[in-house]
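Below is one structure; the comments refer to it alone.
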Number of protein chains: 2
Amino acid sequence: MIDKTNEDASPAKIEAWARLIRSSAAVLEQVETKLKVAGLPPLAWYDVLLELRRSEGAQLRPVEVEKRTLLAQYNVSRLIDRLASAGLVEKRKSPEDGRGIAVTLTAKGDTLLEDMWPVYKAAIQSEFACHLSEDEAATLFRLLGKLLPRE
Amino acid sequence: MIDKTNEDASPAKIEAWARLIRSSAAVLEQVETKLKVAGLPPLAWYDVLLELRRSEGAQLRPVEVEKRTLLAQYNVSRLIDRLASAGLVEKRKSPEDGRGIAVTLTAKGDTLLEDMWPVYKAAIQSEFACHLSEDEAATLFRLLGKLLPRE
DNA sequence: CCTATTTTCATGCAGTTGCATTAAAATAAA
DNA sequence: TTTATTTTAATGCAACTGCATGAAAATAGG
């Protein structure tokens with residue numbers, strides 16, 4: 001396995017880095033704004049609720065949410081509290097692990113996902129998808145995959 | 001001009017969207033962590049200081065910083081206050097515009113840029129650049145350019 | 001079995017961000 | 001010119017985040 005860690009990043013790569021950070025932040029902000037304008041909660045809520053829906057029994061432990069969303073542990077803990085306060089999830093004691101809790105998607109949470117998706121999808125289309133061809137999107141997907149954490 | 005705003009984003013494009021958000025957040029977090037571990041300030045400080053250095057007279061008005069960094073107005077205002085408190089920039093009354101102030105990079109600010117760059121560059125290399133070939137980086141740059149605000 | 005370590009989740013506190021508003025100056029409109 | 005609008009910057013307040021720490025249960029080690 002070759003170690004390129006000690007080489008220097010080329011100017012072109014540094015430009016690509018800068019553009020990745022700038023463009024993703026810009027597009028994400030536009031999407032967040034569209035959700036907000038529609039009176040909907042931020043994307044982080046959608047992400048967590050969606051991970052729950054995708055899970056067996058629409059249920060996950062906070063530590064699983066953390067792994068799937070890249071949110072910090074303390075942010076997951078508090079976000080789940082907020083979601084629970086809003087009636088979108090339920091917190092129960094985990095049966096098999098005394099430390100853990102089981103977070104379950106409620107019907108209300110499921111409904112919110114339904115309500116957010118059309119707005120979210122339209123925002124993805126107008127801020128991202130419409131600027132790329134299918135091939136370009138596939139290439140982007142492949143290249144970004146190279147950046148994801150290994151193992 | 002064709003308007004693709006009303007079409008639906010394809011599943012592949014939605015996957016690309018998700019990966020853009022996830023991968024950029026993951027990589028950015030790694031880079032921020034490396035700066036923090038080195039006892040250095042966050043990237044936002046670097047960005048503002050660098051924009052100042054690049055500017056005529058190492059000087060910009062807050063509104064210009066805002067445009068170049070995508071930071072919100074109130075965040076620029078307060079970030080500049082923090083930078084000024086740390087002695088990295090100076091705030092002066094703008095001569096030609098009574099509303100504006102002129103933010104100038106200090107020698108200390110310039111030194112901080114010098115100190116941060118090796119750490120920052122190494123982080124870009126290990127978290128981003130080393131995973132891509134030159135061609136891939138160029139392609140990424142081109143594709144992400146399509147997402148930037150047109151104006 | 002008993003102790004040490006690790007894993008999981010919560011929380012106090014300080015710092016930061018977002019929102020809404022304000023104030024002041026510049027520009028446009030009447 | 002006088003008034004209305006726009007631009008620029010700051011700030012009070014509430015919400016959110018990061019850090020450090022704590023508590024409790026599970027796991028590992030002796």
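Simple scheme: letters A, B, ... for chains in structure tokens order, numbers from 1 for residues in each chain, numbers from 1 for ligands in the order shown.
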
Residues near range 108-122 of chain B, cut-off 7 Å, only C-alpha atoms (C1' of nucleotides), skip fewer than 6 positions along chain, as a ChimeraX atom specification: /B:35,40,46,49,87-89

Dump C-alpha atoms for the selected residues as a PDB file, in the first residue's frame?
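Listed below is the output, result.pdb:
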ATOM      1  CA  LEU B  35      -6.276  22.068  13.180  1.00  0.00           C
ATOM      2  CA  LEU B  40      -4.921  26.273  15.887  1.00  0.00           C
ATOM      3  CA  TYR B  46      -8.163  31.038   8.116  1.00  0.00           C
ATOM      4  CA  LEU B  49      -7.558  36.083   7.080  1.00  0.00           C
ATOM      5  CA  GLY B  87      -5.019  41.038  17.402  1.00  0.00           C
ATOM      6  CA  LEU B  88      -5.194  39.343  14.002  1.00  0.00           C
ATOM      7  CA  VAL B  89      -7.035  42.165  12.250  1.00  0.00           C
TER       8      VAL B  89
END

Distance query DT7 in chain C at most 12 Å, only C-alpha atoms (C1' of nucleotides), self and fewer than 5 positions along chain excluded, as a PyMOL selection string: (chain A and resi 63+97-100) or (chain D and resi 24-27)

Using only C-alpha atoms (C1' of nucleotides): which of B:Leu147, B:Leu132, B:Ala123, B:Leu79 has the shortest distance to chain C: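 Using only C-alpha atoms (C1' of nucleotides), the shortest distance to chain C belongs to B:Leu79.
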
Expected answer as JSON, numbers by chain: chain B residues within 12 Å of chain D, only C-alpha atoms (C1' of nucleotides): {"B": [33, 36, 61, 62, 63, 64, 66, 73, 74, 75, 76, 77, 78, 80, 81, 93, 94, 97, 98, 99, 100, 101, 102]}

Just write the chosen residues, N, CA and C atoms, as a CSV table (one decimal), in the first residue's frame.
chain,number,residue,atom,x,y,z
B,33,THR,N,-10.6,18.9,12.9
B,33,THR,CA,-10.0,18.3,14.0
B,33,THR,C,-8.5,18.4,14.0
B,36,LYS,N,-7.5,21.7,15.2
B,36,LYS,CA,-7.7,21.8,16.7
B,36,LYS,C,-6.7,21.1,17.5
B,61,ARG,N,-13.8,45.4,3.4
B,61,ARG,CA,-15.0,45.7,4.2
B,61,ARG,C,-15.7,44.5,4.6
B,62,PRO,N,-16.4,44.5,5.7
B,62,PRO,CA,-17.1,43.3,6.1
B,62,PRO,C,-18.0,42.7,5.0
B,63,VAL,N,-18.7,43.6,4.3
B,63,VAL,CA,-19.6,43.1,3.3
B,63,VAL,C,-18.9,42.3,2.2
B,64,GLU,N,-17.6,42.7,2.0
B,64,GLU,CA,-16.8,42.0,1.0
B,64,GLU,C,-16.4,40.6,1.5
B,66,GLU,N,-18.1,38.9,3.6
B,66,GLU,CA,-19.4,38.2,3.6
B,66,GLU,C,-19.5,37.5,2.2
B,73,GLN,N,-24.1,37.7,7.5
B,73,GLN,CA,-23.7,39.0,7.8
B,73,GLN,C,-23.4,39.1,9.3
B,74,TYR,N,-24.3,38.6,10.2
B,74,TYR,CA,-24.0,38.7,11.6
B,74,TYR,C,-22.9,37.9,12.1
B,75,ASN,N,-22.6,36.8,11.4
B,75,ASN,CA,-21.5,36.0,11.7
B,75,ASN,C,-20.1,36.7,11.3
B,76,VAL,N,-20.2,37.3,10.2
B,76,VAL,CA,-19.0,38.1,9.8
B,76,VAL,C,-18.7,39.2,10.8
B,77,SER,N,-19.7,39.9,11.2
B,77,SER,CA,-19.6,40.9,12.1
B,77,SER,C,-18.9,40.5,13.4
B,78,ARG,N,-19.4,39.3,13.9
B,78,ARG,CA,-18.9,38.8,15.2
B,78,ARG,C,-17.5,38.1,15.0
B,80,ILE,N,-15.2,39.0,12.9
B,80,ILE,CA,-14.2,40.0,12.8
B,80,ILE,C,-13.9,40.6,14.2
B,81,ASP,N,-15.0,40.7,15.0
B,81,ASP,CA,-14.7,41.2,16.4
B,81,ASP,C,-13.8,40.2,17.1
B,93,LYS,N,-12.5,53.0,10.8
B,93,LYS,CA,-13.6,53.6,10.1
B,93,LYS,C,-13.2,53.7,8.6
B,94,SER,N,-14.2,53.4,7.8
B,94,SER,CA,-14.0,53.5,6.3
B,94,SER,C,-14.0,54.9,5.9
B,97,ASP,N,-16.9,55.6,3.1
B,97,ASP,CA,-18.3,55.2,3.3
B,97,ASP,C,-18.6,55.2,4.9
B,98,GLY,N,-19.4,56.1,5.3
B,98,GLY,CA,-19.6,56.3,6.7
B,98,GLY,C,-20.2,55.2,7.4
B,99,ARG,N,-20.9,54.3,6.7
B,99,ARG,CA,-21.4,53.1,7.3
B,99,ARG,C,-20.4,52.0,7.6
B,100,GLY,N,-19.5,51.9,6.6
B,100,GLY,CA,-18.6,50.8,6.6
B,100,GLY,C,-17.4,50.9,7.5
B,101,ILE,N,-16.8,49.8,7.7
B,101,ILE,CA,-15.5,49.8,8.4
B,101,ILE,C,-14.5,49.1,7.5
B,102,ALA,N,-13.2,49.4,7.7
B,102,ALA,CA,-12.1,48.7,6.9
B,102,ALA,C,-11.4,47.8,7.9

Per residue of chain A within 9 Å of chain B, note the shortest atom pair and the distance in Å to one decimal, counting only C-alpha atoms, and order the rows by chain and increasing residue number, as JSON lines.
{"residue": "A:Asp3", "atom": "CA", "partner": "B:Cys130", "partner_atom": "CA", "distance": 8.5}
{"residue": "A:Lys4", "atom": "CA", "partner": "B:Cys130", "partner_atom": "CA", "distance": 5.7}
{"residue": "A:Thr5", "atom": "CA", "partner": "B:Ser126", "partner_atom": "CA", "distance": 5.2}
{"residue": "A:Asn6", "atom": "CA", "partner": "B:Ala122", "partner_atom": "CA", "distance": 7.8}
{"residue": "A:Glu7", "atom": "CA", "partner": "B:Gln125", "partner_atom": "CA", "distance": 7.4}
{"residue": "A:Asp8", "atom": "CA", "partner": "B:Gln125", "partner_atom": "CA", "distance": 6.4}
{"residue": "A:Ala9", "atom": "CA", "partner": "B:Gln125", "partner_atom": "CA", "distance": 5.2}
{"residue": "A:Ser10", "atom": "CA", "partner": "B:Ala129", "partner_atom": "CA", "distance": 8.0}
{"residue": "A:Ala12", "atom": "CA", "partner": "B:Ala138", "partner_atom": "CA", "distance": 6.8}
{"residue": "A:Lys13", "atom": "CA", "partner": "B:Ala137", "partner_atom": "CA", "distance": 5.6}
{"residue": "A:Ile14", "atom": "CA", "partner": "B:Ile124", "partner_atom": "CA", "distance": 7.4}
{"residue": "A:Glu15", "atom": "CA", "partner": "B:Phe141", "partner_atom": "CA", "distance": 7.3}
{"residue": "A:Ala16", "atom": "CA", "partner": "B:Phe141", "partner_atom": "CA", "distance": 4.7}
{"residue": "A:Trp17", "atom": "CA", "partner": "B:Phe128", "partner_atom": "CA", "distance": 7.1}
{"residue": "A:Arg19", "atom": "CA", "partner": "B:Phe141", "partner_atom": "CA", "distance": 6.5}
{"residue": "A:Leu20", "atom": "CA", "partner": "B:Leu144", "partner_atom": "CA", "distance": 6.7}
{"residue": "A:Ile21", "atom": "CA", "partner": "B:Ser24", "partner_atom": "CA", "distance": 6.5}
{"residue": "A:Arg22", "atom": "CA", "partner": "B:Leu70", "partner_atom": "CA", "distance": 7.9}
{"residue": "A:Ser23", "atom": "CA", "partner": "B:Leu148", "partner_atom": "CA", "distance": 5.7}
{"residue": "A:Ser24", "atom": "CA", "partner": "B:Ile21", "partner_atom": "CA", "distance": 6.5}
{"residue": "A:Ala25", "atom": "CA", "partner": "B:Leu70", "partner_atom": "CA", "distance": 8.2}
{"residue": "A:Ala26", "atom": "CA", "partner": "B:Leu70", "partner_atom": "CA", "distance": 7.1}
{"residue": "A:Val27", "atom": "CA", "partner": "B:Leu147", "partner_atom": "CA", "distance": 7.3}
{"residue": "A:Leu28", "atom": "CA", "partner": "B:Ile21", "partner_atom": "CA", "distance": 7.5}
{"residue": "A:Thr69", "atom": "CA", "partner": "B:Arg22", "partner_atom": "CA", "distance": 8.1}
{"residue": "A:Leu70", "atom": "CA", "partner": "B:Ala26", "partner_atom": "CA", "distance": 7.2}
{"residue": "A:Lys121", "atom": "CA", "partner": "B:Ala9", "partner_atom": "CA", "distance": 7.0}
{"residue": "A:Ala122", "atom": "CA", "partner": "B:Asp8", "partner_atom": "CA", "distance": 7.2}
{"residue": "A:Ala123", "atom": "CA", "partner": "B:Thr5", "partner_atom": "CA", "distance": 9.0}
{"residue": "A:Ile124", "atom": "CA", "partner": "B:Ala9", "partner_atom": "CA", "distance": 7.1}
{"residue": "A:Gln125", "atom": "CA", "partner": "B:Ala9", "partner_atom": "CA", "distance": 5.2}
{"residue": "A:Ser126", "atom": "CA", "partner": "B:Thr5", "partner_atom": "CA", "distance": 5.2}
{"residue": "A:Glu127", "atom": "CA", "partner": "B:Leu147", "partner_atom": "CA", "distance": 7.2}
{"residue": "A:Phe128", "atom": "CA", "partner": "B:Leu147", "partner_atom": "CA", "distance": 6.2}
{"residue": "A:Ala129", "atom": "CA", "partner": "B:Ala9", "partner_atom": "CA", "distance": 5.8}
{"residue": "A:Cys130", "atom": "CA", "partner": "B:Lys4", "partner_atom": "CA", "distance": 5.7}
{"residue": "A:His131", "atom": "CA", "partner": "B:Lys146", "partner_atom": "CA", "distance": 6.0}
{"residue": "A:Leu132", "atom": "CA", "partner": "B:Lys146", "partner_atom": "CA", "distance": 7.2}
{"residue": "A:Ser133", "atom": "CA", "partner": "B:Lys13", "partner_atom": "CA", "distance": 8.7}
{"residue": "A:Glu134", "atom": "CA", "partner": "B:Lys13", "partner_atom": "CA", "distance": 6.9}
{"residue": "A:Glu136", "atom": "CA", "partner": "B:Leu143", "partner_atom": "CA", "distance": 7.0}
{"residue": "A:Ala137", "atom": "CA", "partner": "B:Lys13", "partner_atom": "CA", "distance": 5.6}
{"residue": "A:Ala138", "atom": "CA", "partner": "B:Ala12", "partner_atom": "CA", "distance": 6.8}
{"residue": "A:Thr139", "atom": "CA", "partner": "B:Leu140", "partner_atom": "CA", "distance": 8.4}
{"residue": "A:Leu140", "atom": "CA", "partner": "B:Ala16", "partner_atom": "CA", "distance": 6.6}
{"residue": "A:Phe141", "atom": "CA", "partner": "B:Ala16", "partner_atom": "CA", "distance": 4.7}
{"residue": "A:Arg142", "atom": "CA", "partner": "B:Ala16", "partner_atom": "CA", "distance": 8.5}
{"residue": "A:Leu143", "atom": "CA", "partner": "B:Glu136", "partner_atom": "CA", "distance": 7.0}
{"residue": "A:Leu144", "atom": "CA", "partner": "B:Ser23", "partner_atom": "CA", "distance": 6.5}
{"residue": "A:Gly145", "atom": "CA", "partner": "B:Arg19", "partner_atom": "CA", "distance": 7.3}
{"residue": "A:Lys146", "atom": "CA", "partner": "B:His131", "partner_atom": "CA", "distance": 6.0}
{"residue": "A:Leu147", "atom": "CA", "partner": "B:Phe128", "partner_atom": "CA", "distance": 6.2}
{"residue": "A:Leu148", "atom": "CA", "partner": "B:Ser23", "partner_atom": "CA", "distance": 5.7}
{"residue": "A:Pro149", "atom": "CA", "partner": "B:Ala26", "partner_atom": "CA", "distance": 8.0}

Residue list for chain C near chain B as a list in words, 9 Å, only C-alpha atoms (C1' of nucleotides): DT16, DT17, DG18, DA24, DA25 and DA26 of chain C

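Those residues in range 74-103 of chain B carrying a DSSP assignment of strand (DSSP E), computed from the backbone, are B:Val89, B:Glu90, B:Lys91, B:Arg92, B:Lys93, B:Ile101, B:Ala102, B:Val103.
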